Amino acid sequence: MATRVAVVTGGNKGIGLAIVRALCKQFQGDVFLTARDQGRGQEAVQSLASEGLAAQFHQLDIDDLKSITTAAAFFKETYGGVDVLINNAGIAFKGADKTPFATQAEVTLRTNFFSTRNMLTHFLPLVRPGGRVVNVSSFVGATTLNKCSPALQQRFRSDDITEEELSGLMQQFVFQTQKGEHQQGGWPETAYGVSKTGLTTLSMILARRLSKERPNDGILLNACCPGWVRTDMAGPKAPKSPDEGAVTPVYLALLPPDATEPHGKFVSEKEVQQW
Ligand code: NDP
């Protein structure tokens with residue numbers, strides 16, 4: 001049997017590093033810590049080695065399509081596929097950041113939505129039967145959904161929204177921030193929130209597609225919130241440690257082989273949340 005393999009994006013620090021740590025302890029197979037920066041990634045692998053944990057490293061900058069396709073080709077050639085994919089990499093501007101909102105929208109949507117979508121485009125075909133895919137979204141994506149116009153909410157919650165329609169809506173948000181028209185367009189004032197509303201909706205779309213196109217493969221794909229976690233992104237006041245933040249993503253990544261759910265859900269504290 002082929003060696004099983006798990007891949008985590010943004011694994012060099014924060015929740016991503018804690019996810020890699022937990023997978024090293026619990027996943028039966030090779031665990032890849034990926035990071036956009038080779039030095040920071042190797043350093044993180046070393047820090048896990050000093051805890052007696054053996055993660056492997058591969059460079060992966062999700063904003064760089066070449067980096068995504070190179071990594072995907074590596075996993076295909078070396079392992080013949082991927083068994084667990086955790087899309088954890090993400091960014092957020094600080095509340096006090098003075099960068100114009102339109103720039104924040106473009107930059108945040110690029111990484112959290114469009115680049116994660118590129119990861120899924122290139123890695124989903126590699127996911128083997130029984131595979132698990134976890135997109136680290138946020139409860140902020142759910143609260144943002146509730147602040148969108150009724151028309152947008154209806155689309156994000158609908159069963160027939162396509163990946164193309166969703167991408168068009170995310171692009172429309174970015175364009176409208178550039179013209180200062182996003183509020184008239186029905187969008188709230190949070191680029192991070194919109195990016196995570198998009199990521200959760202994308203997860204639901206792709207899960208439905210997997211069920212339709214690969215009905216016998218038993219792949220489970222979900223979005224989740226790790227909780228409010230003490231990291232460089234969320235700051236020191238958050239209640240959860242990174243290891244605690246890793247619990248729900250790792251739970252979804254290690255759903256037992258005979259599990260049929262959750263699939264296409266938004267999960268927090270190991271519980272399916274309303275969307
Ligand atoms: P951190 O800022 O601590 O870590 C973010 C990680 O993502 C870093 O490893 C960073 O790499 C990486 N990253 C950013 N951009 C890219 C890219 N283009 N390619 C590859 N890696 C990239 O954040 P957290 O650990 O807090 O966040 C992890 C995930 O959890 C994010 O998706 C976040 O939105 C989500 N989340 C976090 C919450 C919290 O309370 N902390 C709450 C809800 C969701 P580098 O070091 O090179 O910048």
# chains A, B, ... in the order shown; residues from 1 in each chain; ligands from 1
call {"tool": "residues_near_ligand", "arguments": {"ligand": "ligand 1", "cutoff": "8 Å", "atoms": "only C-alpha atoms and all ligand atoms", "output": "MDAnalysis selection string"}}
result
chainID A and resid 9:17 34:37 40 60:64 87:92 111:112 115 136:140 192 196 225:235 238 240 242 245
call {"tool": "residues_around", "arguments": {"residues": "stretch 119-129 of chain A", "least_positions_apart": "6", "cutoff": "8 Å", "atoms": "only C-alpha atoms", "output": "PDB file with all heavy atoms, in the first residue's frame"}}
result
ATOM      1  N   ILE A  62       1.090  29.817  -1.241  1.00  0.00           N
ATOM      2  CA  ILE A  62      -0.184  29.634  -1.937  1.00  0.00           C
ATOM      3  C   ILE A  62      -0.510  30.802  -2.867  1.00  0.00           C
ATOM      4  O   ILE A  62      -1.348  30.668  -3.744  1.00  0.00           O
ATOM      5  CB  ILE A  62      -1.363  29.332  -0.972  1.00  0.00           C
ATOM      6  CG1 ILE A  62      -1.717  30.534  -0.089  1.00  0.00           C
ATOM      7  CG2 ILE A  62      -1.079  28.096  -0.129  1.00  0.00           C
ATOM      8  CD1 ILE A  62      -3.074  30.394   0.606  1.00  0.00           C
ATOM      9  N   ILE A  68       2.441  26.264  -6.090  1.00  0.00           N
ATOM     10  CA  ILE A  68       1.354  25.285  -5.895  1.00  0.00           C
ATOM     11  C   ILE A  68       1.520  24.103  -6.851  1.00  0.00           C
ATOM     12  O   ILE A  68       1.462  22.935  -6.439  1.00  0.00           O
ATOM     13  CB  ILE A  68      -0.033  25.941  -6.112  1.00  0.00           C
ATOM     14  CG1 ILE A  68      -0.325  26.949  -5.003  1.00  0.00           C
ATOM     15  CG2 ILE A  68      -1.134  24.880  -6.186  1.00  0.00           C
ATOM     16  CD1 ILE A  68      -1.680  27.649  -5.128  1.00  0.00           C
ATOM     17  N   THR A  69       1.762  24.391  -8.137  1.00  0.00           N
ATOM     18  CA  THR A  69       1.829  23.288  -9.113  1.00  0.00           C
ATOM     19  C   THR A  69       3.087  22.439  -8.893  1.00  0.00           C
ATOM     20  O   THR A  69       3.046  21.226  -9.067  1.00  0.00           O
ATOM     21  CB  THR A  69       1.768  23.810 -10.569  1.00  0.00           C
ATOM     22  OG1 THR A  69       2.805  24.771 -10.767  1.00  0.00           O
ATOM     23  CG2 THR A  69       0.421  24.440 -10.875  1.00  0.00           C
ATOM     24  N   ALA A  72       2.243  20.243  -5.910  1.00  0.00           N
ATOM     25  CA  ALA A  72       1.268  19.212  -6.305  1.00  0.00           C
ATOM     26  C   ALA A  72       1.969  18.106  -7.105  1.00  0.00           C
ATOM     27  O   ALA A  72       1.729  16.913  -6.879  1.00  0.00           O
ATOM     28  CB  ALA A  72       0.135  19.834  -7.114  1.00  0.00           C
ATOM     29  N   LYS A  76       2.306  14.108  -6.163  1.00  0.00           N
ATOM     30  CA  LYS A  76       1.820  13.103  -7.115  1.00  0.00           C
ATOM     31  C   LYS A  76       2.929  12.110  -7.440  1.00  0.00           C
ATOM     32  O   LYS A  76       2.725  10.891  -7.402  1.00  0.00           O
ATOM     33  CB  LYS A  76       1.331  13.805  -8.381  1.00  0.00           C
ATOM     34  CG  LYS A  76       0.698  12.834  -9.329  1.00  0.00           C
ATOM     35  CD  LYS A  76      -0.161  13.499 -10.366  1.00  0.00           C
ATOM     36  CE  LYS A  76      -0.932  12.408 -11.081  1.00  0.00           C
ATOM     37  NZ  LYS A  76      -1.307  12.734 -12.407  1.00  0.00           N
ATOM     38  N   GLY A  80       1.941   9.489  -5.082  1.00  0.00           N
ATOM     39  CA  GLY A  80       0.818   9.058  -5.922  1.00  0.00           C
ATOM     40  C   GLY A  80      -0.489   9.731  -5.539  1.00  0.00           C
ATOM     41  O   GLY A  80      -1.544   9.412  -6.079  1.00  0.00           O
ATOM     42  N   GLY A  81      -0.452  10.671  -4.597  1.00  0.00           N
ATOM     43  CA  GLY A  81      -1.666  11.373  -4.172  1.00  0.00           C
ATOM     44  C   GLY A  81      -1.461  11.991  -2.806  1.00  0.00           C
ATOM     45  O   GLY A  81      -0.343  12.039  -2.292  1.00  0.00           O
ATOM     46  N   VAL A  82      -2.571  12.452  -2.229  1.00  0.00           N
ATOM     47  CA  VAL A  82      -2.550  13.079  -0.902  1.00  0.00           C
ATOM     48  C   VAL A  82      -3.735  12.513  -0.121  1.00  0.00           C
ATOM     49  O   VAL A  82      -4.806  12.296  -0.687  1.00  0.00           O
ATOM     50  CB  VAL A  82      -2.669  14.625  -1.042  1.00  0.00           C
ATOM     51  CG1 VAL A  82      -2.995  15.285   0.283  1.00  0.00           C
ATOM     52  CG2 VAL A  82      -1.389  15.214  -1.634  1.00  0.00           C
ATOM     53  N   ASP A  83      -3.530  12.239   1.166  1.00  0.00           N
ATOM     54  CA  ASP A  83      -4.607  11.674   1.987  1.00  0.00           C
ATOM     55  C   ASP A  83      -5.287  12.714   2.876  1.00  0.00           C
ATOM     56  O   ASP A  83      -6.482  12.606   3.144  1.00  0.00           O
ATOM     57  CB  ASP A  83      -4.048  10.529   2.837  1.00  0.00           C
ATOM     58  CG  ASP A  83      -3.503   9.438   1.938  1.00  0.00           C
ATOM     59  OD1 ASP A  83      -4.321   8.691   1.373  1.00  0.00           O
ATOM     60  OD2 ASP A  83      -2.269   9.379   1.743  1.00  0.00           O
ATOM     61  N   VAL A  84      -4.495  13.671   3.352  1.00  0.00           N
ATOM     62  CA  VAL A  84      -5.056  14.752   4.181  1.00  0.00           C
ATOM     63  C   VAL A  84      -4.496  16.073   3.675  1.00  0.00           C
ATOM     64  O   VAL A  84      -3.274  16.211   3.502  1.00  0.00           O
ATOM     65  CB  VAL A  84      -4.687  14.558   5.675  1.00  0.00           C
ATOM     66  CG1 VAL A  84      -4.972  15.836   6.472  1.00  0.00           C
ATOM     67  CG2 VAL A  84      -5.447  13.387   6.269  1.00  0.00           C
ATOM     68  N   LEU A  85      -5.385  17.026   3.420  1.00  0.00           N
ATOM     69  CA  LEU A  85      -4.956  18.374   3.028  1.00  0.00           C
ATOM     70  C   LEU A  85      -5.596  19.362   3.991  1.00  0.00           C
ATOM     71  O   LEU A  85      -6.827  19.397   4.118  1.00  0.00           O
ATOM     72  CB  LEU A  85      -5.408  18.686   1.597  1.00  0.00           C
ATOM     73  CG  LEU A  85      -5.220  20.135   1.164  1.00  0.00           C
ATOM     74  CD1 LEU A  85      -3.737  20.525   1.117  1.00  0.00           C
ATOM     75  CD2 LEU A  85      -5.873  20.397  -0.190  1.00  0.00           C
ATOM     76  N   ASN A  87      -5.849  23.290   4.465  1.00  0.00           N
ATOM     77  CA  ASN A  87      -5.592  24.652   3.992  1.00  0.00           C
ATOM     78  C   ASN A  87      -5.727  25.593   5.178  1.00  0.00           C
ATOM     79  O   ASN A  87      -6.825  26.051   5.508  1.00  0.00           O
ATOM     80  CB  ASN A  87      -6.599  25.017   2.895  1.00  0.00           C
ATOM     81  CG  ASN A  87      -6.262  24.331   1.594  1.00  0.00           C
ATOM     82  OD1 ASN A  87      -5.138  24.440   1.102  1.00  0.00           O
ATOM     83  ND2 ASN A  87      -7.222  23.614   1.037  1.00  0.00           N
ATOM     84  N   ASN A 216     -18.266   7.432  -4.743  1.00  0.00           N
ATOM     85  CA  ASN A 216     -17.820   6.235  -4.017  1.00  0.00           C
ATOM     86  C   ASN A 216     -16.471   6.407  -3.340  1.00  0.00           C
ATOM     87  O   ASN A 216     -15.926   5.453  -2.788  1.00  0.00           O
ATOM     88  CB  ASN A 216     -17.759   5.041  -4.984  1.00  0.00           C
ATOM     89  CG  ASN A 216     -19.127   4.777  -5.590  1.00  0.00           C
ATOM     90  OD1 ASN A 216     -20.133   4.797  -4.867  1.00  0.00           O
ATOM     91  ND2 ASN A 216     -19.172   4.565  -6.892  1.00  0.00           N
ATOM     92  N   ASP A 217     -15.917   7.609  -3.386  1.00  0.00           N
ATOM     93  CA  ASP A 217     -14.555   7.801  -2.874  1.00  0.00           C
ATOM     94  C   ASP A 217     -14.494   8.120  -1.381  1.00  0.00           C
ATOM     95  O   ASP A 217     -13.414   8.096  -0.783  1.00  0.00           O
ATOM     96  CB  ASP A 217     -13.828   8.894  -3.665  1.00  0.00           C
ATOM     97  CG  ASP A 217     -13.306   8.355  -5.003  1.00  0.00           C
ATOM     98  OD1 ASP A 217     -13.489   7.142  -5.251  1.00  0.00           O
ATOM     99  OD2 ASP A 217     -12.728   9.134  -5.779  1.00  0.00           O
ATOM    100  N   GLY A 218     -15.630   8.461  -0.783  1.00  0.00           N
ATOM    101  CA  GLY A 218     -15.649   8.666   0.670  1.00  0.00           C
ATOM    102  C   GLY A 218     -14.766   9.806   1.159  1.00  0.00           C
ATOM    103  O   GLY A 218     -14.302   9.789   2.304  1.00  0.00           O
ATOM    104  N   ILE A 219     -14.538  10.786   0.300  1.00  0.00           N
ATOM    105  CA  ILE A 219     -13.731  11.942   0.730  1.00  0.00           C
ATOM    106  C   ILE A 219     -14.631  12.886   1.524  1.00  0.00           C
ATOM    107  O   ILE A 219     -15.766  13.160   1.126  1.00  0.00           O
ATOM    108  CB  ILE A 219     -13.142  12.682  -0.494  1.00  0.00           C
ATOM    109  CG1 ILE A 219     -12.192  11.761  -1.260  1.00  0.00           C
ATOM    110  CG2 ILE A 219     -12.426  13.965  -0.064  1.00  0.00           C
ATOM    111  CD1 ILE A 219     -11.794  12.288  -2.635  1.00  0.00           C
TER     112      ILE A 219
END
call {"tool": "select_by_dssp", "arguments": {"residues": "stretch 130-160 of chain A", "states": "strand (DSSP E)", "output": "ChimeraX atom specification"}}
result
/A:130-136
call {"tool": "residues_around", "arguments": {"residues": "A:Gly186", "least_positions_apart": "3", "cutoff": "7 Å", "atoms": "only C-alpha atoms", "output": "number ranges by chain"}}
result
A: 148-149, 182-183
call {"tool": "write_last_selection", "arguments": {"atoms": "N, CA and C atoms", "output": "compact mmCIF listing (two decimals), in the first residue's frame"}}
result
# COMPACT_ATOMS: atom_id res chain seq x y z
N CYS A 148 -24.33 40.55 5.48
CA CYS A 148 -24.48 40.81 4.04
C CYS A 148 -25.95 41.10 3.72
N SER A 149 -26.19 41.70 2.55
CA SER A 149 -27.57 41.97 2.14
C SER A 149 -28.33 40.64 2.04
N HIS A 182 -18.97 49.25 -2.03
CA HIS A 182 -19.26 47.91 -1.52
C HIS A 182 -20.47 47.90 -0.58
N GLN A 183 -20.66 49.03 0.14
CA GLN A 183 -21.81 49.02 1.06
C GLN A 183 -23.13 49.03 0.28
call {"tool": "closest_residue", "arguments": {"among": "A:Phe93, A:Phe114, A:Phe156, A:Phe266", "to": "A:Leu221", "atoms": "only C-alpha atoms"}}
result
A:Phe266
call {"tool": "residues_around", "arguments": {"residues": "A:Leu220", "least_positions_apart": "5", "cutoff": "8 Å", "atoms": "only C-alpha atoms", "output": "PyMOL selection string"}}
result
chain A and resi 130-133+207+260-264
call {"tool": "write_last_selection", "arguments": {"atoms": "all heavy atoms", "output": "PDB file, in the first residue's frame"}}
result
ATOM      1  N   GLY A 130     -11.117   8.142   0.514  1.00  0.00           N
ATOM      2  CA  GLY A 130     -10.973   8.157   1.971  1.00  0.00           C
ATOM      3  C   GLY A 130     -10.258   9.396   2.478  1.00  0.00           C
ATOM      4  O   GLY A 130     -10.024   9.523   3.691  1.00  0.00           O
ATOM      5  N   GLY A 131      -9.908  10.305   1.567  1.00  0.00           N
ATOM      6  CA  GLY A 131      -9.152  11.495   1.959  1.00  0.00           C
ATOM      7  C   GLY A 131      -9.985  12.470   2.769  1.00  0.00           C
ATOM      8  O   GLY A 131     -11.219  12.418   2.781  1.00  0.00           O
ATOM      9  N   ARG A 132      -9.269  13.365   3.458  1.00  0.00           N
ATOM     10  CA  ARG A 132      -9.911  14.387   4.287  1.00  0.00           C
ATOM     11  C   ARG A 132      -9.340  15.750   3.912  1.00  0.00           C
ATOM     12  O   ARG A 132      -8.109  15.911   3.879  1.00  0.00           O
ATOM     13  CB  ARG A 132      -9.646  14.121   5.781  1.00  0.00           C
ATOM     14  CG  ARG A 132     -10.019  12.700   6.248  1.00  0.00           C
ATOM     15  CD  ARG A 132     -11.536  12.537   6.342  1.00  0.00           C
ATOM     16  NE  ARG A 132     -11.958  11.212   6.783  1.00  0.00           N
ATOM     17  CZ  ARG A 132     -12.605  10.340   6.019  1.00  0.00           C
ATOM     18  NH1 ARG A 132     -12.888  10.602   4.765  1.00  0.00           N
ATOM     19  NH2 ARG A 132     -12.985   9.186   6.507  1.00  0.00           N
ATOM     20  N   VAL A 133     -10.230  16.704   3.668  1.00  0.00           N
ATOM     21  CA  VAL A 133      -9.797  18.060   3.300  1.00  0.00           C
ATOM     22  C   VAL A 133     -10.407  19.033   4.295  1.00  0.00           C
ATOM     23  O   VAL A 133     -11.619  19.001   4.546  1.00  0.00           O
ATOM     24  CB  VAL A 133     -10.233  18.416   1.865  1.00  0.00           C
ATOM     25  CG1 VAL A 133      -9.767  19.822   1.491  1.00  0.00           C
ATOM     26  CG2 VAL A 133      -9.692  17.380   0.872  1.00  0.00           C
ATOM     27  N   ALA A 207     -17.587  20.318  -1.684  1.00  0.00           N
ATOM     28  CA  ALA A 207     -18.058  19.065  -1.068  1.00  0.00           C
ATOM     29  C   ALA A 207     -19.219  18.491  -1.886  1.00  0.00           C
ATOM     30  O   ALA A 207     -19.278  17.282  -2.144  1.00  0.00           O
ATOM     31  CB  ALA A 207     -18.485  19.325   0.373  1.00  0.00           C
ATOM     32  N   THR A 260     -19.116   9.109   7.435  1.00  0.00           N
ATOM     33  CA  THR A 260     -19.767   9.662   6.238  1.00  0.00           C
ATOM     34  C   THR A 260     -20.118  11.134   6.439  1.00  0.00           C
ATOM     35  O   THR A 260     -20.610  11.791   5.529  1.00  0.00           O
ATOM     36  CB  THR A 260     -21.056   8.887   5.912  1.00  0.00           C
ATOM     37  OG1 THR A 260     -21.884   8.909   7.086  1.00  0.00           O
ATOM     38  CG2 THR A 260     -20.773   7.454   5.524  1.00  0.00           C
ATOM     39  N   GLU A 261     -19.895  11.633   7.630  1.00  0.00           N
ATOM     40  CA  GLU A 261     -20.144  13.031   7.938  1.00  0.00           C
ATOM     41  C   GLU A 261     -19.243  13.463   9.092  1.00  0.00           C
ATOM     42  O   GLU A 261     -18.711  12.579   9.802  1.00  0.00           O
ATOM     43  CB  GLU A 261     -21.620  13.254   8.290  1.00  0.00           C
ATOM     44  CG  GLU A 261     -22.084  12.377   9.416  1.00  0.00           C
ATOM     45  CD  GLU A 261     -23.585  12.524   9.669  1.00  0.00           C
ATOM     46  OE1 GLU A 261     -24.325  12.945   8.786  1.00  0.00           O
ATOM     47  OE2 GLU A 261     -23.980  12.207  10.791  1.00  0.00           O
ATOM     48  N   PRO A 262     -19.065  14.776   9.327  1.00  0.00           N
ATOM     49  CA  PRO A 262     -19.582  15.868   8.519  1.00  0.00           C
ATOM     50  C   PRO A 262     -18.906  15.939   7.151  1.00  0.00           C
ATOM     51  O   PRO A 262     -17.783  15.480   6.977  1.00  0.00           O
ATOM     52  CB  PRO A 262     -19.269  17.115   9.349  1.00  0.00           C
ATOM     53  CG  PRO A 262     -18.109  16.731  10.202  1.00  0.00           C
ATOM     54  CD  PRO A 262     -18.258  15.260  10.467  1.00  0.00           C
ATOM     55  N   HIS A 263     -19.627  16.521   6.216  1.00  0.00           N
ATOM     56  CA  HIS A 263     -19.117  16.723   4.849  1.00  0.00           C
ATOM     57  C   HIS A 263     -19.803  17.966   4.301  1.00  0.00           C
ATOM     58  O   HIS A 263     -21.036  18.043   4.308  1.00  0.00           O
ATOM     59  CB  HIS A 263     -19.418  15.490   4.002  1.00  0.00           C
ATOM     60  CG  HIS A 263     -18.990  15.609   2.572  1.00  0.00           C
ATOM     61  ND1 HIS A 263     -17.699  15.935   2.206  1.00  0.00           N
ATOM     62  CD2 HIS A 263     -19.693  15.446   1.419  1.00  0.00           C
ATOM     63  CE1 HIS A 263     -17.627  15.969   0.874  1.00  0.00           C
ATOM     64  NE2 HIS A 263     -18.816  15.683   0.384  1.00  0.00           N
ATOM     65  N   GLY A 264     -19.013  18.941   3.852  1.00  0.00           N
ATOM     66  CA  GLY A 264     -19.582  20.176   3.305  1.00  0.00           C
ATOM     67  C   GLY A 264     -20.186  21.065   4.373  1.00  0.00           C
ATOM     68  O   GLY A 264     -21.119  21.821   4.109  1.00  0.00           O
TER      69      GLY A 264
END
call {"tool": "select_by_dssp", "arguments": {"residues": "stretch 8-218 of chain A", "states": "alpha helix (DSSP H)", "output": "ChimeraX atom specification"}}
result
/A:14-26,38-49,65-79,101-109,116-123,139-147,150-157,163-178,191-213
call {"tool": "residues_around", "arguments": {"residues": "A:Tyr79", "least_positions_apart": "3", "cutoff": "7 Å", "atoms": "only C-alpha atoms", "output": "ChimeraX atom specification"}}
result
/A:2-3,75-76
